[in-house]
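Novice: Just input.pdb, nothing more (PDB, C-alpha atoms and all ligand atoms):
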```pdb
ATOM      1  CA  MET A   1     155.390-129.593-128.921
ATOM      2  CA  ASN A   2     153.951-127.078-126.420
ATOM      3  CA  GLN A   3     155.208-129.297-123.622
ATOM      4  CA  ALA A   4     158.722-129.241-125.113
ATOM      5  CA  ILE A   5     158.703-125.423-125.340
ATOM      6  CA  LEU A   6     157.512-125.208-121.723
ATOM      7  CA  GLN A   7     160.268-127.590-120.577
ATOM      8  CA  SER A   8     163.011-125.616-122.321
ATOM      9  CA  ILE A   9     161.691-122.335-120.784
ATOM     10  CA  GLU A  10     161.653-124.030-117.352
ATOM     11  CA  ARG A  11     165.199-125.302-117.893
ATOM     12  CA  PHE A  12     166.298-121.804-118.936
ATOM     13  CA  PHE A  13     164.821-120.122-115.859
ATOM     14  CA  GLY A  14     165.617-123.083-113.599
ATOM     15  CA  THR A  15     162.152-123.058-112.052
ATOM     16  CA  ASP A  16     158.658-124.452-112.609
ATOM     17  CA  ILE A  17     156.471-122.252-114.764
ATOM     18  CA  TYR A  18     152.756-122.232-114.095
ATOM     19  CA  PHE A  19     150.339-121.063-116.756
ATOM     20  CA  PRO A  20     146.907-120.514-115.215
ATOM     21  CA  ARG A  21     143.850-121.529-117.233
ATOM     22  CA  ILE A  22     142.059-118.502-118.627
ATOM     23  CA  HIS A  23     138.273-118.506-118.385
ATOM     24  CA  PHE A  24     135.729-116.259-120.042
ATOM     25  CA  THR A  25     135.092-114.494-116.701
ATOM     26  CA  ASP A  26     138.822-113.641-116.450
ATOM     27  CA  ILE A  27     138.698-111.916-119.828
ATOM     28  CA  LEU A  28     135.491-110.133-118.824
ATOM     29  CA  GLU A  29     137.153-109.023-115.583
ATOM     30  CA  ILE A  30     140.160-107.659-117.500
ATOM     31  CA  VAL A  31     137.864-105.759-119.885
ATOM     32  CA  ILE A  32     135.818-104.289-116.999
ATOM     33  CA  LEU A  33     138.948-103.289-115.061
ATOM     34  CA  THR A  34     140.550-101.758-118.160
ATOM     35  CA  PHE A  35     137.403 -99.725-118.785
ATOM     36  CA  LEU A  36     137.191 -98.576-115.124
ATOM     37  CA  ILE A  37     140.885 -97.645-114.963
ATOM     38  CA  TYR A  38     140.582 -95.764-118.267
ATOM     39  CA  GLN A  39     137.556 -93.817-116.944
ATOM     40  CA  LEU A  40     139.423 -93.092-113.684
ATOM     41  CA  ILE A  41     142.470 -91.764-115.551
ATOM     42  CA  ARG A  42     140.228 -89.618-117.771
ATOM     43  CA  TRP A  43     138.463 -88.277-114.672
ATOM     44  CA  ILE A  44     141.760 -87.563-112.929
ATOM     45  CA  ASN A  45     143.037 -85.801-116.037
ATOM     46  CA  ASN A  46     139.959 -83.593-116.374
ATOM     47  CA  THR A  47     139.657 -82.537-112.737
ATOM     48  CA  LYS A  48     141.668 -81.166-109.872
ATOM     49  CA  ALA A  49     142.296 -84.815-108.913
ATOM     50  CA  TRP A  50     145.376 -84.634-111.172
ATOM     51  CA  MET A  51     146.916 -82.080-108.778
ATOM     52  CA  LEU A  52     145.928 -84.303-105.851
ATOM     53  CA  LEU A  53     147.694 -87.242-107.477
ATOM     54  CA  LYS A  54     150.849 -85.175-107.931
ATOM     55  CA  GLY A  55     150.619 -84.071-104.273
ATOM     56  CA  ILE A  56     150.236 -87.675-103.117
ATOM     57  CA  LEU A  57     153.276 -88.692-105.203
ATOM     58  CA  VAL A  58     155.447 -85.951-103.640
ATOM     59  CA  LEU A  59     154.228 -86.983-100.172
ATOM     60  CA  ALA A  60     154.956 -90.655-100.914
ATOM     61  CA  ILE A  61     158.518 -89.787-101.989
ATOM     62  CA  CYS A  62     159.026 -87.776 -98.752
ATOM     63  CA  VAL A  63     157.733 -90.723 -96.662
ATOM     64  CA  LEU A  64     160.052 -93.084 -98.562
ATOM     65  CA  VAL A  65     163.059 -90.856 -97.890
ATOM     66  CA  ALA A  66     162.024 -90.540 -94.217
ATOM     67  CA  THR A  67     161.732 -94.338 -93.963
ATOM     68  CA  ILE A  68     165.151 -94.927 -95.557
ATOM     69  CA  LEU A  69     166.796 -92.335 -93.268
ATOM     70  CA  ARG A  70     164.777 -93.605 -90.270
ATOM     71  CA  MET A  71     163.321 -90.217 -89.380
ATOM     72  CA  HIS A  72     161.012 -91.535 -86.671
ATOM     73  CA  THR A  73     159.324 -88.250 -85.739
ATOM     74  CA  ILE A  74     158.285 -87.554 -89.352
ATOM     75  CA  LEU A  75     157.033 -91.138 -89.748
ATOM     76  CA  TYR A  76     155.108 -90.831 -86.457
ATOM     77  CA  LEU A  77     153.456 -87.604 -87.678
ATOM     78  CA  VAL A  78     152.584 -89.159 -91.068
ATOM     79  CA  ARG A  79     151.106 -92.267 -89.399
ATOM     80  CA  ASN A  80     148.928 -90.172 -87.121
ATOM     81  CA  SER A  81     147.742 -87.701 -89.712
ATOM     82  CA  ILE A  82     146.656 -90.187 -92.404
ATOM     83  CA  THR A  83     143.002 -90.235 -91.214
ATOM     84  CA  VAL A  84     142.907 -86.433 -91.060
ATOM     85  CA  MET A  85     144.440 -86.192 -94.557
ATOM     86  CA  ALA A  86     141.922 -88.685 -95.993
ATOM     87  CA  THR A  87     139.041 -86.646 -94.509
ATOM     88  CA  ALA A  88     140.590 -83.432 -95.890
ATOM     89  CA  VAL A  89     140.810 -84.963 -99.387
ATOM     90  CA  VAL A  90     137.107 -85.902 -99.290
ATOM     91  CA  VAL A  91     136.191 -82.359 -98.166
ATOM     92  CA  VAL A  92     138.419 -80.613-100.745
ATOM     93  CA  PHE A  93     137.278 -82.851-103.615
ATOM     94  CA  GLN A  94     133.653 -82.975-102.578
ATOM     95  CA  PRO A  95     132.439 -81.205-105.796
ATOM     96  CA  GLU A  96     134.381 -83.634-108.040
ATOM     97  CA  LEU A  97     133.233 -86.681-106.084
ATOM     98  CA  ARG A  98     129.643 -85.425-106.088
ATOM     99  CA  ARG A  99     129.768 -84.894-109.855
ATOM    100  CA  ALA A 100     131.192 -88.373-110.416
ATOM    101  CA  LEU A 101     128.445 -89.947-108.276
ATOM    102  CA  GLU A 102     125.765 -87.783-109.904
ATOM    103  CA  LYS A 103     126.973 -89.009-113.294
ATOM    104  CA  LEU A 104     126.448 -92.602-112.194
ATOM    105  CA  GLY A 105     123.118 -91.811-110.542
ATOM    106  CA  GLU A 106     121.730 -89.960-113.532
ATOM    107  CA  LYS A 107     122.413 -92.966-115.772
ATOM    108  CA  GLN A 108     124.480 -90.634-117.991
ATOM    109  CA  PHE A 109     127.496 -92.833-117.477
ATOM    110  CA  LEU A 110     125.582 -95.943-118.544
ATOM    111  CA  THR A 111     123.536 -94.288-121.257
ATOM    112  CA  SER A 112     126.781 -93.202-122.871
ATOM    113  CA  VAL A 113     127.470 -96.914-123.308
ATOM    114  CA  ILE A 114     123.942 -98.220-123.860
ATOM    115  CA  ASN A 115     120.555 -96.597-124.212
ATOM    116  CA  LEU A 116     118.819 -97.793-121.050
ATOM    117  CA  ASP A 117     115.575 -95.855-121.252
ATOM    118  CA  GLY A 118     114.964 -96.705-124.898
ATOM    119  CA  SER A 119     114.737 -93.022-125.819
ATOM    120  CA  ASN A 120     114.473 -92.538-129.535
ATOM    121  CA  ARG A 121     118.004 -92.309-130.986
ATOM    122  CA  GLU A 122     116.708 -90.897-134.253
ATOM    123  CA  SER A 123     115.591 -87.790-132.398
ATOM    124  CA  ILE A 124     119.200 -86.710-131.855
ATOM    125  CA  ARG A 125     120.121 -86.844-135.533
ATOM    126  CA  PHE A 126     120.070 -83.541-137.348
ATOM    127  CA  SER A 127     119.784 -82.863-141.048
ATOM    128  CA  ASP A 128     122.288 -81.235-143.376
ATOM    129  CA  ALA A 129     119.965 -78.211-143.548
ATOM    130  CA  THR A 130     120.204 -77.824-139.753
ATOM    131  CA  LYS A 131     123.966 -78.150-139.947
ATOM    132  CA  ARG A 132     124.050 -75.376-142.570
ATOM    133  CA  ASP A 133     121.787 -73.168-140.452
ATOM    134  CA  ILE A 134     124.000 -73.588-137.377
ATOM    135  CA  VAL A 135     127.171 -72.792-139.328
ATOM    136  CA  ASP A 136     125.597 -69.809-141.152
ATOM    137  CA  ALA A 137     124.102 -68.347-137.974
ATOM    138  CA  THR A 138     127.303 -68.897-135.981
ATOM    139  CA  PHE A 139     129.504 -67.086-138.483
ATOM    140  CA  ALA A 140     126.932 -64.354-139.104
ATOM    141  CA  MET A 141     127.021 -63.680-135.334
ATOM    142  CA  SER A 142     130.794 -63.978-135.296
ATOM    143  CA  ASN A 143     131.072 -61.237-137.988
ATOM    144  CA  VAL A 144     129.092 -58.749-135.897
ATOM    145  CA  LYS A 145     130.451 -59.966-132.522
ATOM    146  CA  THR A 146     127.161 -61.186-131.093
ATOM    147  CA  GLY A 147     127.788 -63.549-128.192
ATOM    148  CA  ALA A 148     126.172 -66.988-128.531
ATOM    149  CA  LEU A 149     126.104 -70.348-126.811
ATOM    150  CA  ILE A 150     124.594 -73.248-128.784
ATOM    151  CA  VAL A 151     124.373 -76.742-127.311
ATOM    152  CA  VAL A 152     123.923 -79.644-129.721
ATOM    153  CA  GLU A 153     122.571 -82.520-127.649
ATOM    154  CA  GLN A 154     123.732 -86.040-128.387
ATOM    155  CA  ALA A 155     123.092 -89.378-126.679
ATOM    156  CA  ILE A 156     122.911 -87.922-123.163
ATOM    157  CA  GLN A 157     119.631 -86.087-122.645
ATOM    158  CA  LEU A 158     120.061 -82.601-121.213
ATOM    159  CA  THR A 159     116.623 -82.323-119.591
ATOM    160  CA  GLU A 160     117.963 -80.896-116.321
ATOM    161  CA  TYR A 161     119.637 -77.990-118.173
ATOM    162  CA  GLU A 162     116.753 -77.551-120.605
ATOM    163  CA  THR A 163     114.389 -76.898-117.678
ATOM    164  CA  THR A 164     116.570 -74.039-116.375
ATOM    165  CA  GLY A 165     115.666 -72.049-119.489
ATOM    166  CA  ILE A 166     112.598 -71.096-121.481
ATOM    167  CA  ARG A 167     110.949 -73.816-123.558
ATOM    168  CA  VAL A 168     111.043 -73.047-127.272
ATOM    169  CA  ASP A 169     110.423 -76.236-129.276
ATOM    170  CA  ALA A 170     110.827 -74.786-132.767
ATOM    171  CA  ALA A 171     112.490 -75.953-135.966
ATOM    172  CA  VAL A 172     116.085 -74.756-136.268
ATOM    173  CA  SER A 173     116.679 -71.933-138.698
ATOM    174  CA  LYS A 174     119.450 -69.415-139.174
ATOM    175  CA  GLN A 175     116.999 -66.543-138.658
ATOM    176  CA  LEU A 176     115.646 -67.986-135.388
ATOM    177  CA  LEU A 177     119.151 -68.461-133.974
ATOM    178  CA  LEU A 178     120.089 -64.897-134.952
ATOM    179  CA  ASN A 179     116.915 -63.599-133.363
ATOM    180  CA  ILE A 180     117.435 -65.478-130.112
ATOM    181  CA  PHE A 181     120.954 -64.130-129.565
ATOM    182  CA  GLU A 182     120.107 -60.565-130.634
ATOM    183  CA  HIS A 183     121.202 -58.120-127.887
ATOM    184  CA  ASN A 184     118.575 -56.801-125.514
ATOM    185  CA  THR A 185     115.967 -59.396-126.403
ATOM    186  CA  PRO A 186     114.375 -61.587-123.707
ATOM    187  CA  LEU A 187     115.990 -64.842-124.964
ATOM    188  CA  HIS A 188     119.556 -63.708-125.690
ATOM    189  CA  ASP A 189     121.091 -64.545-122.295
ATOM    190  CA  GLY A 190     122.306 -68.096-121.574
ATOM    191  CA  ALA A 191     122.379 -71.091-123.884
ATOM    192  CA  VAL A 192     120.196 -72.508-126.634
ATOM    193  CA  ILE A 193     119.781 -76.290-126.464
ATOM    194  CA  MET A 194     119.154 -78.200-129.697
ATOM    195  CA  ARG A 195     117.809 -81.718-130.019
ATOM    196  CA  GLY A 196     117.939 -83.066-133.564
ATOM    197  CA  ASP A 197     116.407 -80.478-135.894
ATOM    198  CA  ARG A 198     114.682 -78.545-133.106
ATOM    199  CA  ILE A 199     115.616 -75.828-130.681
ATOM    200  CA  ILE A 200     114.164 -77.046-127.414
ATOM    201  CA  SER A 201     115.124 -74.250-125.051
ATOM    202  CA  ALA A 202     116.767 -70.847-124.781
ATOM    203  CA  THR A 203     118.292 -68.940-121.826
ATOM    204  CA  SER A 204     119.372 -72.270-120.311
ATOM    205  CA  TYR A 205     121.919 -72.178-117.543
ATOM    206  CA  LEU A 206     124.889 -74.523-117.936
ATOM    207  CA  PRO A 207     127.281 -75.749-115.225
ATOM    208  CA  LEU A 208     130.538 -73.782-115.078
ATOM    209  CA  THR A 209     133.837 -75.619-115.225
ATOM    210  CA  ASP A 210     136.232 -75.137-112.336
ATOM    211  CA  SER A 211     139.176 -76.264-114.449
ATOM    212  CA  SER A 212     142.271 -74.143-113.969
ATOM    213  CA  ASN A 213     143.494 -75.019-117.492
ATOM    214  CA  ILE A 214     141.136 -72.590-119.210
ATOM    215  CA  SER A 215     142.683 -69.308-120.394
ATOM    216  CA  LYS A 216     142.212 -66.412-117.944
ATOM    217  CA  GLU A 217     140.968 -64.149-120.744
ATOM    218  CA  LEU A 218     137.883 -66.339-121.212
ATOM    219  CA  GLY A 219     134.824 -65.556-119.131
ATOM    220  CA  THR A 220     131.729 -67.382-118.008
ATOM    221  CA  ARG A 221     130.296 -68.099-121.488
ATOM    222  CA  HIS A 222     133.319 -70.239-122.343
ATOM    223  CA  ARG A 223     133.446 -71.684-118.815
ATOM    224  CA  ALA A 224     129.792 -72.731-119.179
ATOM    225  CA  ALA A 225     130.517 -74.407-122.541
ATOM    226  CA  LEU A 226     133.469 -76.321-121.109
ATOM    227  CA  GLY A 227     131.521 -77.159-117.934
ATOM    228  CA  LEU A 228     128.707 -78.842-119.865
ATOM    229  CA  SER A 229     131.177 -80.685-122.074
ATOM    230  CA  GLU A 230     132.734 -82.207-118.929
ATOM    231  CA  VAL A 231     129.456 -83.701-117.717
ATOM    232  CA  SER A 232     127.855 -84.678-121.036
ATOM    233  CA  ASP A 233     128.668 -85.736-124.592
ATOM    234  CA  ALA A 234     127.089 -82.609-126.101
ATOM    235  CA  LEU A 235     128.890 -80.406-128.610
ATOM    236  CA  ILE A 236     128.817 -76.773-127.576
ATOM    237  CA  VAL A 237     129.429 -73.908-129.978
ATOM    238  CA  VAL A 238     130.479 -70.554-128.507
ATOM    239  CA  VAL A 239     130.687 -67.179-130.229
ATOM    240  CA  SER A 240     132.680 -64.636-128.279
ATOM    241  CA  GLU A 241     131.050 -61.254-127.870
ATOM    242  CA  GLU A 242     134.441 -59.686-127.261
ATOM    243  CA  THR A 243     136.425 -61.070-130.201
ATOM    244  CA  GLY A 244     133.851 -62.711-132.471
ATOM    245  CA  PHE A 245     135.933 -65.920-132.323
ATOM    246  CA  VAL A 246     134.080 -69.209-132.664
ATOM    247  CA  SER A 247     135.041 -72.064-130.333
ATOM    248  CA  VAL A 248     133.770 -75.580-129.814
ATOM    249  CA  ALA A 249     133.717 -77.538-126.553
ATOM    250  CA  GLN A 250     133.446 -81.306-126.360
ATOM    251  CA  SER A 251     134.592 -83.979-123.883
ATOM    252  CA  GLY A 252     136.130 -81.399-121.531
ATOM    253  CA  LYS A 253     138.205 -79.746-124.268
ATOM    254  CA  LEU A 254     137.837 -76.340-125.882
ATOM    255  CA  ASP A 255     138.913 -75.878-129.510
ATOM    256  CA  ARG A 256     139.344 -72.109-129.859
ATOM    257  CA  ASN A 257     139.053 -69.786-132.827
ATOM    258  CA  ILE A 258     137.930 -72.343-135.391
ATOM    259  CA  THR A 259     137.090 -71.685-139.034
ATOM    260  CA  ARG A 260     133.800 -72.236-140.847
ATOM    261  CA  ASN A 261     135.117 -75.478-142.381
ATOM    262  CA  GLU A 262     136.284 -76.744-139.000
ATOM    263  CA  LEU A 263     132.855 -76.117-137.425
ATOM    264  CA  GLU A 264     131.259 -77.967-140.360
ATOM    265  CA  GLU A 265     133.699 -80.829-139.747
ATOM    266  CA  TRP A 266     132.845 -80.970-135.990
ATOM    267  CA  LEU A 267     129.115 -81.099-136.790
ATOM    268  CA  THR A 268     129.594 -83.728-139.512
ATOM    269  CA  GLN A 269     131.512 -85.904-137.053
ATOM    270  CA  ILE A 270     128.635 -85.985-134.553
ATOM    271  CA  GLN A 271     126.136 -86.460-137.386
ATOM    272  CA  ILE A 272     128.053 -89.580-138.492
ATOM    273  CA  LYS A 273     128.274 -90.795-134.887
ATOM    274  CA  ALA A 274     124.525 -90.308-134.372
ATOM    275  CA  ASN A 275     123.792 -92.228-137.583
ATOM    276  CA  ALA A 276     126.052 -95.093-136.535
ATOM    277  CA  THR A 277     124.425 -95.311-133.070
ATOM    278  CA  SER A 278     120.995 -95.136-134.621
ATOM    279  CA  ASN A 279     121.798 -97.943-137.100
ATOM    280  CA  TRP A 280     123.278-100.068-134.326
ATOM    281  CA  MET A 281     120.256 -99.517-132.042
ATOM    282  CA  GLY A 282     117.943-100.066-134.999
ATOM    283  CA  ARG A 283     119.527-103.440-135.752
ATOM    284  CA  ILE A 284     119.203-104.544-132.100
ATOM    285  CA  LYS A 285     115.609-103.284-131.890
ATOM    286  CA  GLY A 286     114.837-105.055-135.181
ATOM    287  CA  ARG A 287     116.195-108.342-133.868
ATOM    288  CA  VAL A 288     114.312-108.023-130.567
ATOM    289  CA  LEU A 289     111.066-107.295-132.425
ATOM    290  CA  LYS A 290     111.664-110.201-134.832
ATOM    291  CA  HIS A 291     112.118-112.598-131.899
ATOM    292  CA  ALA A 292     109.076-111.163-130.095
ATOM    293  CA  ARG A 293     106.970-111.684-133.221
ATOM    294  CA  LYS A 294     108.253-115.253-133.616
ATOM    295  CA  ASP A 295     107.397-116.007-129.948
ATOM    296  CA  SER A 296     103.878-114.657-130.277
ATOM    297  CA  LYS A 297     103.104-116.883-133.306
TER     298      LYS A 297
HETATM  299  N1  LIG B 301     126.386 -70.682-116.675
HETATM  300  C1  LIG B 301     125.988 -70.124-117.802
HETATM  301  N2  LIG B 301     125.120 -70.778-118.605
HETATM  302  C2  LIG B 301     124.738 -70.231-119.767
HETATM  303  N3  LIG B 301     125.163 -69.035-120.216
HETATM  304  C3  LIG B 301     126.013 -68.345-119.456
HETATM  305  C4  LIG B 301     126.475 -68.863-118.220
HETATM  306  N4  LIG B 301     127.333 -67.966-117.693
HETATM  307  C5  LIG B 301     127.385 -66.935-118.556
HETATM  308  N5  LIG B 301     126.608 -67.154-119.631
HETATM  309  C6  LIG B 301     126.423 -66.278-120.786
HETATM  310  O1  LIG B 301     127.642 -65.610-121.009
HETATM  311  C7  LIG B 301     127.445 -64.199-120.911
HETATM  312  C8  LIG B 301     128.625 -63.569-120.206
HETATM  313  O2  LIG B 301     129.747 -63.822-120.920
HETATM  314  P1  LIG B 301     131.216 -63.368-120.441
HETATM  315  O3  LIG B 301     131.531 -62.075-121.068
HETATM  316  O4  LIG B 301     131.354 -63.519-118.968
HETATM  317  O5  LIG B 301     131.972 -64.598-121.049
HETATM  318  P2  LIG B 301     133.186 -64.754-122.046
HETATM  319  O6  LIG B 301     133.548 -66.199-122.014
HETATM  320  O7  LIG B 301     134.234 -63.730-121.739
HETATM  321  O8  LIG B 301     132.555 -64.493-123.454
HETATM  322  P3  LIG B 301     132.702 -63.240-124.412
HETATM  323  O9  LIG B 301     134.003 -63.458-125.163
HETATM  324  O10 LIG B 301     131.499 -63.407-125.279
HETATM  325  O11 LIG B 301     132.685 -61.999-123.560
HETATM  326  C9  LIG B 301     126.176 -64.032-120.125
HETATM  327  O12 LIG B 301     125.533 -62.827-120.489
HETATM  328  C10 LIG B 301     125.382 -65.240-120.492
HETATM  329  O13 LIG B 301     124.635 -65.002-121.675
END
```
For this file, produce the structure as structure tokens.
Specialist:
Amino acid sequence: MNQAILQSIERFFGTDIYFPRIHFTDILEIVILTFLIYQLIRWINNTKAWMLLKGILVLAICVLVATILRMHTILYLVRNSITVMATAVVVVFQPELRRALEKLGEKQFLTSVINLDGSNRESIRFSDATKRDIVDATFAMSNVKTGALIVVEQAIQLTEYETTGIRVDAAVSKQLLLNIFEHNTPLHDGAVIMRGDRIISATSYLPLTDSSNISKELGTRHRAALGLSEVSDALIVVVSEETGFVSVAQSGKLDRNITRNELEEWLTQIQIKANATSNWMGRIKGRVLKHARKDSK
């Protein structure tokens, strides 16, 4: 039957049709390539590389036109300046390239897929009481226009940012958050980092985004929130000192001027995600332990 279909297709196209055999490794290769291309497109979209890509496209069109019209001098110049241009691209995009390599080096890229160091997933879950405290404190500060920057850590550990601030290690409460961000107190500057139900640090310094998409009216507090969201999976809550508006940054995007219900929704989403990861890791750990026990008998 299949042979008959193949023959009629061959007759239709008037040529031999060759269907290669597909192996498991081919499928794996397709999956890996799809994942890498997707990550590359996301990276290009979130950085200045998008502008570079547009520049390269314009240049490619110019070269094509020059080739069609046989403009030899232009083609000669393009041929001879390719090495210089490639070096210039590396120099101009050095911060982006460094960040991409750092991401790989710090295992953040891999830990976002699997937990390599076996760190306790449960520790990143937070309770409903913590969620309520964050929302209450955020909107209490919003009402009186107290600036705040709250980082809710997820799967990627933020140790390098935690160490730029002052260690707190205290249970989350609305009162503590209000106290930390109170004007003219030693801990009010910078960001608070939360892990699970605990505040682990205050006055932490976060990396600033250099994205040109962010509104000009937003200053460094919002730039810091967006910057951290570009290099980690954390959820960052910002209260503007100028307007009292509450915004949330995640995955390189800033959701501005959100309501109380929307903040609750954002926090519930990551709570659900943390639970799912924890259950998934728990199941794998359970199976590994079961096998280990069986082997030792
Ligand atoms: N890199 C950073 N990491 C953590 N916190 C930062 C960072 N940069 C600035 N901040 C915090 O932001 C404050 C300055 O906010 P700024 O007025 O520049 O920002 P903004 O986005 O306009 O916010 P606002 O609307 O609250 O004024 C600083 O006092 C500091 O607490």
Novice: Tell me which of A:Leu267, A:Ile214, A:Ile61, A:Phe181 sits closest to A:Leu254, counting only C-alpha atoms.
Specialist: A:Ile214
Novice: Kindly indicate which residue among A:Ile200, A:Ala191, A:Ile258, A:Ala171 lies nearest to A:Gly244, using all atoms listed in the file for the distances.
Specialist: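 Looking only at the distances to A:Gly244, the closest residue turns out to be A:Ile258.
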Novice: Using all atoms listed in the file, find the one residue out of A:Ser232, A:Ser142, A:Asn213, A:Thr259 that sits nearest to ligand LIG 301 (chain B).
Specialist: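 For ligand LIG 301 (chain B), the nearest of the candidates is A:Ser142.
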Novice: Between atom CA of A:Val78 and atom CA of A:Ile56, what is the distance in Å, rounded to a tenth?
Specialist: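 Calculated distance between atom CA of A:Val78 and atom CA of A:Ile56 is 12.4 Å.
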Novice: Got a sec to check which residues lie within 6 Å of ligand LIG 301 (chain B), using all atoms listed in the file, and send them as a PyMOL selection string?
Specialist: chain A and resi 147+189-191+204-208+218-222+224+240-242
Novice: Which one is closest to A:Asp128: A:Leu28, A:Val92, A:Ile41, A:Val172? Count only C-alpha atoms.
Specialist: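 For A:Asp128, the nearest of the candidates is A:Val172.
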Novice: Using all atoms listed in the file, which of the listed residues (A:Val144, A:Leu52, A:Val192, A:Ile68) sits closest to A:Asp169?
Specialist: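 So, comparing all the options, the nearest one is A:Val192.
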Novice: Kindly resolve the PyMOL selection byres (((chain A and resi 253) around 10) and not hetatm) on the present coordinates and return the residues as a list in words.
Specialist: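 Selection result, ordered by chain and number: Asn46, Asn213, Ile214, Ala225, Leu226, Gly227, Ser229, Glu230, Val248, Ala249, Gln250, Ser251, Gly252, Leu254, Asp255 and Arg256 of chain A.
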Novice: In terms of the shortest atom-to-atom distance over all atoms listed in the file, which of A:Thr83, A:Thr163, A:Ser8, A:Thr138 is closest to A:Glu264?
Specialist: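 The answer is A:Thr138, which sits nearest to A:Glu264.
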Novice: What does the distance between atom CA of A:Thr243 and atom CA of A:Phe139 come to in Å, to one decimal place?
Specialist: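 Separation between atom CA of A:Thr243 and atom CA of A:Phe139: 12.4 Å.
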Novice: For atom CA of A:Asp197 and atom CA of A:Thr130, determine how far apart the two atoms are, in Å to one decimal place.
Specialist: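 Separation of atom CA of A:Asp197 and atom CA of A:Thr130: 6.0 Å.
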Novice: For the file shown, what are the residues hit by the PyMOL selection byres (((chain A and resi 196) around 12) and not hetatm), laid out as an MDAnalysis selection string?
Specialist: chainID A and resid 120:131 134 151:155 157 169:172 193:195 197:200 234 267 270:271 274:275
Novice: With 4 Å added on each side, what axis-aligned box encloses every listed atom of stretch 8-13 of chain A? Give the centre and edge lengths in Å to one decimal, as JSON.
Specialist:
```
{"center_x": 164.0, "center_y": -122.9, "center_z": -119.1, "size_x": 12.6, "size_y": 13.5, "size_z": 14.5}
```
